[in-house]
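Chemist: Okay, here's the structure, questions in a sec.
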Amino acid sequence: MTLAALNMLAFAWHTVLEVLEPPWRTAGQAAAKRTSFFAHILTLTAYIAFLSWPDLLEALATLTIPPHLLSGHKNE
């Protein structure tokens, strides 16, 4: 029962993001399939600490890492 509820919650969350977040849609369209989109999220977040949600979405949409994250300097 719990697993089913969590699955429905995840589906609802993804639907809300599709409707309300244009950068999320852009990032999703950059990946050929939905499964590869989530694989990209997994790979990027395994190696890079994103300072913000827009940074992650930019990296997913452009399939590149924002330069300010590669410089080794913290954004404050």
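Each chain in the structure tokens gets a letter, A, B, ..., in the order shown, and its residues are numbered from 1; ligands are numbered from 1 in order too.
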Residues at most 9 Å from stretch 53-70 of chain A, counting only C-alpha atoms, excluding those fewer than 2 positions away in the same chain, as a list of chain:residue names?
Modeler: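 Returned residues: A:Pro23, A:Trp24, A:Arg25, A:Thr26, A:Ala27, A:Gly28, A:Gln29, A:Ala30, A:Ala31, A:Phe37, A:His40, A:Ile41, A:Leu44, A:Thr45, A:Ile48, A:Ala49, A:Phe50, A:Leu51, A:Gly72, A:His73, A:Lys74, A:Asn75.
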Chemist: What separation in Å, quoted to one decimal, exists between atom CA of A:Glu18 and atom CA of A:Lys33?
Modeler: 14.6 Å
Chemist: Grab the atom CA of A:Arg34 to atom CA of A:Met8 distance for me, in Å with one decimal place.
Modeler: 16.9 Å
Chemist: Suppose you want the space between atom CA of A:Leu20 and atom CA of A:Thr2; what is it in Å?
Modeler: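 One can read the atom CA of A:Leu20 to atom CA of A:Thr2 distance as 26.8 Å.
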Chemist: From the DSSP assignment of the backbone, select every residue of chain A that is alpha helix (DSSP H), and format the answer as a PyMOL selection string.
Modeler: chain A and resi 2-20+22-30+34-47+53-62+67-70
